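Peer 1: Just dropping this structure here.
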Amino acid sequence: MPLIARLRAYAAEMFGAPALPLDAEAEQHLAAAALLVHVARVDGTLAAVERDRLARLLTHRFAPNEAQAKALIERAISFDDETRDVAELVEMIGRDLPEEERRGLLGLAWAVAAADGQVHEFEDDLVWRVGQLLGFDDAAITATRAVALAGLPAQQVPAR
């Protein structure tokens, strides 16, 4: 089933309404939240500290308040469960977004990966791949990573 069709079916299931098309902005927000959930769960769990960080990061960026951010996280968890690959999520977000927005999303992904105070190698590898899928070269990914992880001690970040 195509990704857009799954989104529409999911909206119908969640809200008990006919499957109405989601607007492009809602699709992008759900895909971005699902991408961040995927990063948080790459180790197999969504820890409380990661869930809290996600809620703070999504508030005001994709949701007007914390309650709606938490609801978005729940929808994103379900959507991530139904998505085969992060490439699908990045495709929904779109490479045609302005560079600043794509770079901001990449920074958010590293912030989520660092929620527990350490970026594990598999988290770093996943976020690096997300950066490539968002259309960045290695130099741009390295620069975004350095800014996003500036507060972490060097021993808490894998060497690149």
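Chain identifiers are assigned as A, B, and so on, following the order in which chains appear in the structure tokens; residues are numbered from 1 within each chain, and ligands are numbered from 1 in order of appearance.
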Please report, as a count of residues only, each residue of chain A to which DSSP assigns alpha helix (DSSP H) when run on this structure's backbone.

Peer 2: 105

Peer 1: Given only C-alpha atoms, how would the per-residue table for range 23-103 of chain A near range 123-139 of chain A read, listing every residue at most 10 Å away with its closest atom pair and distance in Å to one decimal, sorted by chain and number, as JSON lines?

Peer 2:
{"residue": "A:Leu35", "atom": "CA", "partner": "A:Val130", "partner_atom": "CA", "distance": 8.8}
{"residue": "A:Leu36", "atom": "CA", "partner": "A:Val127", "partner_atom": "CA", "distance": 9.5}
{"residue": "A:His38", "atom": "CA", "partner": "A:Leu126", "partner_atom": "CA", "distance": 9.3}
{"residue": "A:Val39", "atom": "CA", "partner": "A:Glu123", "partner_atom": "CA", "distance": 6.7}
{"residue": "A:Ala40", "atom": "CA", "partner": "A:Glu123", "partner_atom": "CA", "distance": 8.2}
{"residue": "A:Arg41", "atom": "CA", "partner": "A:Glu123", "partner_atom": "CA", "distance": 9.2}
{"residue": "A:Val42", "atom": "CA", "partner": "A:Glu123", "partner_atom": "CA", "distance": 6.6}
{"residue": "A:Asp43", "atom": "CA", "partner": "A:Glu123", "partner_atom": "CA", "distance": 7.8}
{"residue": "A:Val86", "atom": "CA", "partner": "A:Val130", "partner_atom": "CA", "distance": 7.3}
{"residue": "A:Ala87", "atom": "CA", "partner": "A:Leu133", "partner_atom": "CA", "distance": 6.7}
{"residue": "A:Glu88", "atom": "CA", "partner": "A:Leu133", "partner_atom": "CA", "distance": 9.9}
{"residue": "A:Leu89", "atom": "CA", "partner": "A:Val130", "partner_atom": "CA", "distance": 9.6}
{"residue": "A:Val90", "atom": "CA", "partner": "A:Leu134", "partner_atom": "CA", "distance": 6.6}
{"residue": "A:Glu91", "atom": "CA", "partner": "A:Leu133", "partner_atom": "CA", "distance": 8.3}
{"residue": "A:Ile93", "atom": "CA", "partner": "A:Leu134", "partner_atom": "CA", "distance": 8.8}
{"residue": "A:Gly94", "atom": "CA", "partner": "A:Leu134", "partner_atom": "CA", "distance": 7.7}
{"residue": "A:Arg95", "atom": "CA", "partner": "A:Leu134", "partner_atom": "CA", "distance": 5.6}
{"residue": "A:Asp96", "atom": "CA", "partner": "A:Leu134", "partner_atom": "CA", "distance": 9.1}
{"residue": "A:Leu97", "atom": "CA", "partner": "A:Leu134", "partner_atom": "CA", "distance": 9.2}
{"residue": "A:Glu99", "atom": "CA", "partner": "A:Phe136", "partner_atom": "CA", "distance": 8.9}
{"residue": "A:Arg102", "atom": "CA", "partner": "A:Leu134", "partner_atom": "CA", "distance": 6.5}
{"residue": "A:Arg103", "atom": "CA", "partner": "A:Gly131", "partner_atom": "CA", "distance": 8.1}

Peer 1: Determine, using only C-alpha atoms, which residues of range 23-61 of chain A have any atom at most 12 Å from an atom of range 74-77 of chain A, and tabulate each with its shortest atom pair and distance in Å to one decimal place, rows ordered by chain and then rising number, as CSV.

Peer 2:
residue,atom,partner,partner_atom,distance
A:Ala26,CA,A:Ala76,CA,11.7
A:Glu27,CA,A:Ala76,CA,10.8
A:Gln28,CA,A:Ala76,CA,11.3
A:His29,CA,A:Ala76,CA,9.3
A:Leu30,CA,A:Ala76,CA,6.0
A:Ala31,CA,A:Ala76,CA,7.3
A:Ala32,CA,A:Ala76,CA,8.5
A:Ala33,CA,A:Ala76,CA,5.6
A:Ala34,CA,A:Ala76,CA,4.3
A:Leu35,CA,A:Ala76,CA,8.1
A:Leu36,CA,A:Ala76,CA,8.6
A:Val37,CA,A:Ile77,CA,6.3
A:His38,CA,A:Ile77,CA,7.9
A:Val39,CA,A:Ile77,CA,11.1
A:Ala40,CA,A:Ile77,CA,10.3
A:Arg41,CA,A:Ile77,CA,9.3
A:Thr45,CA,A:Ile77,CA,11.2
A:Leu46,CA,A:Ile77,CA,9.5
A:Arg51,CA,A:Glu74,CA,10.0
A:Leu54,CA,A:Ala76,CA,10.9
A:Ala55,CA,A:Glu74,CA,10.5
A:Leu58,CA,A:Ala76,CA,11.4

Peer 1: How would the residues just chosen look if you wrote them out with C-alpha atoms as a PDB file, in the first residue's frame?

Peer 2:
ATOM      1  CA  ALA A  26       0.459  17.648   8.229  1.00  0.00           C
ATOM      2  CA  GLU A  27       2.095  14.840   6.225  1.00  0.00           C
ATOM      3  CA  GLN A  28       5.509  16.429   6.633  1.00  0.00           C
ATOM      4  CA  HIS A  29       5.028  16.957  10.376  1.00  0.00           C
ATOM      5  CA  LEU A  30       3.896  13.369  10.931  1.00  0.00           C
ATOM      6  CA  ALA A  31       6.780  12.040   8.817  1.00  0.00           C
ATOM      7  CA  ALA A  32       9.308  14.245  10.654  1.00  0.00           C
ATOM      8  CA  ALA A  33       7.964  13.141  14.037  1.00  0.00           C
ATOM      9  CA  ALA A  34       8.059   9.492  12.914  1.00  0.00           C
ATOM     10  CA  LEU A  35      11.642   9.958  11.733  1.00  0.00           C
ATOM     11  CA  LEU A  36      12.620  11.324  15.148  1.00  0.00           C
ATOM     12  CA  VAL A  37      10.757   8.466  16.859  1.00  0.00           C
ATOM     13  CA  HIS A  38      12.668   6.032  14.656  1.00  0.00           C
ATOM     14  CA  VAL A  39      15.963   7.575  15.765  1.00  0.00           C
ATOM     15  CA  ALA A  40      14.899   7.389  19.409  1.00  0.00           C
ATOM     16  CA  ARG A  41      13.874   3.737  19.049  1.00  0.00           C
ATOM     17  CA  THR A  45      13.077   1.077  23.071  1.00  0.00           C
ATOM     18  CA  LEU A  46      11.685   4.550  23.521  1.00  0.00           C
ATOM     19  CA  ARG A  51      10.066  10.631  24.932  1.00  0.00           C
ATOM     20  CA  LEU A  54      10.889  14.449  21.736  1.00  0.00           C
ATOM     21  CA  ALA A  55       7.946  16.253  23.332  1.00  0.00           C
ATOM     22  CA  LEU A  58       8.198  18.933  18.816  1.00  0.00           C
TER      23      LEU A  58
END

Peer 1: Just give me the gap between CA of Val49 in chain A and CA of Ala113 in chain A in Å, one decimal is fine.

Peer 2: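 Spanning CA of Val49 in chain A to CA of Ala113 in chain A is a straight-line distance of 10.7 Å.
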
Peer 1: To one decimal place in Å, what is the distance between CA of Ala159 in chain A and CA of Arg56 in chain A?

Peer 2: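 Computed distance, CA of Ala159 in chain A to CA of Arg56 in chain A, equals 27.5 Å.
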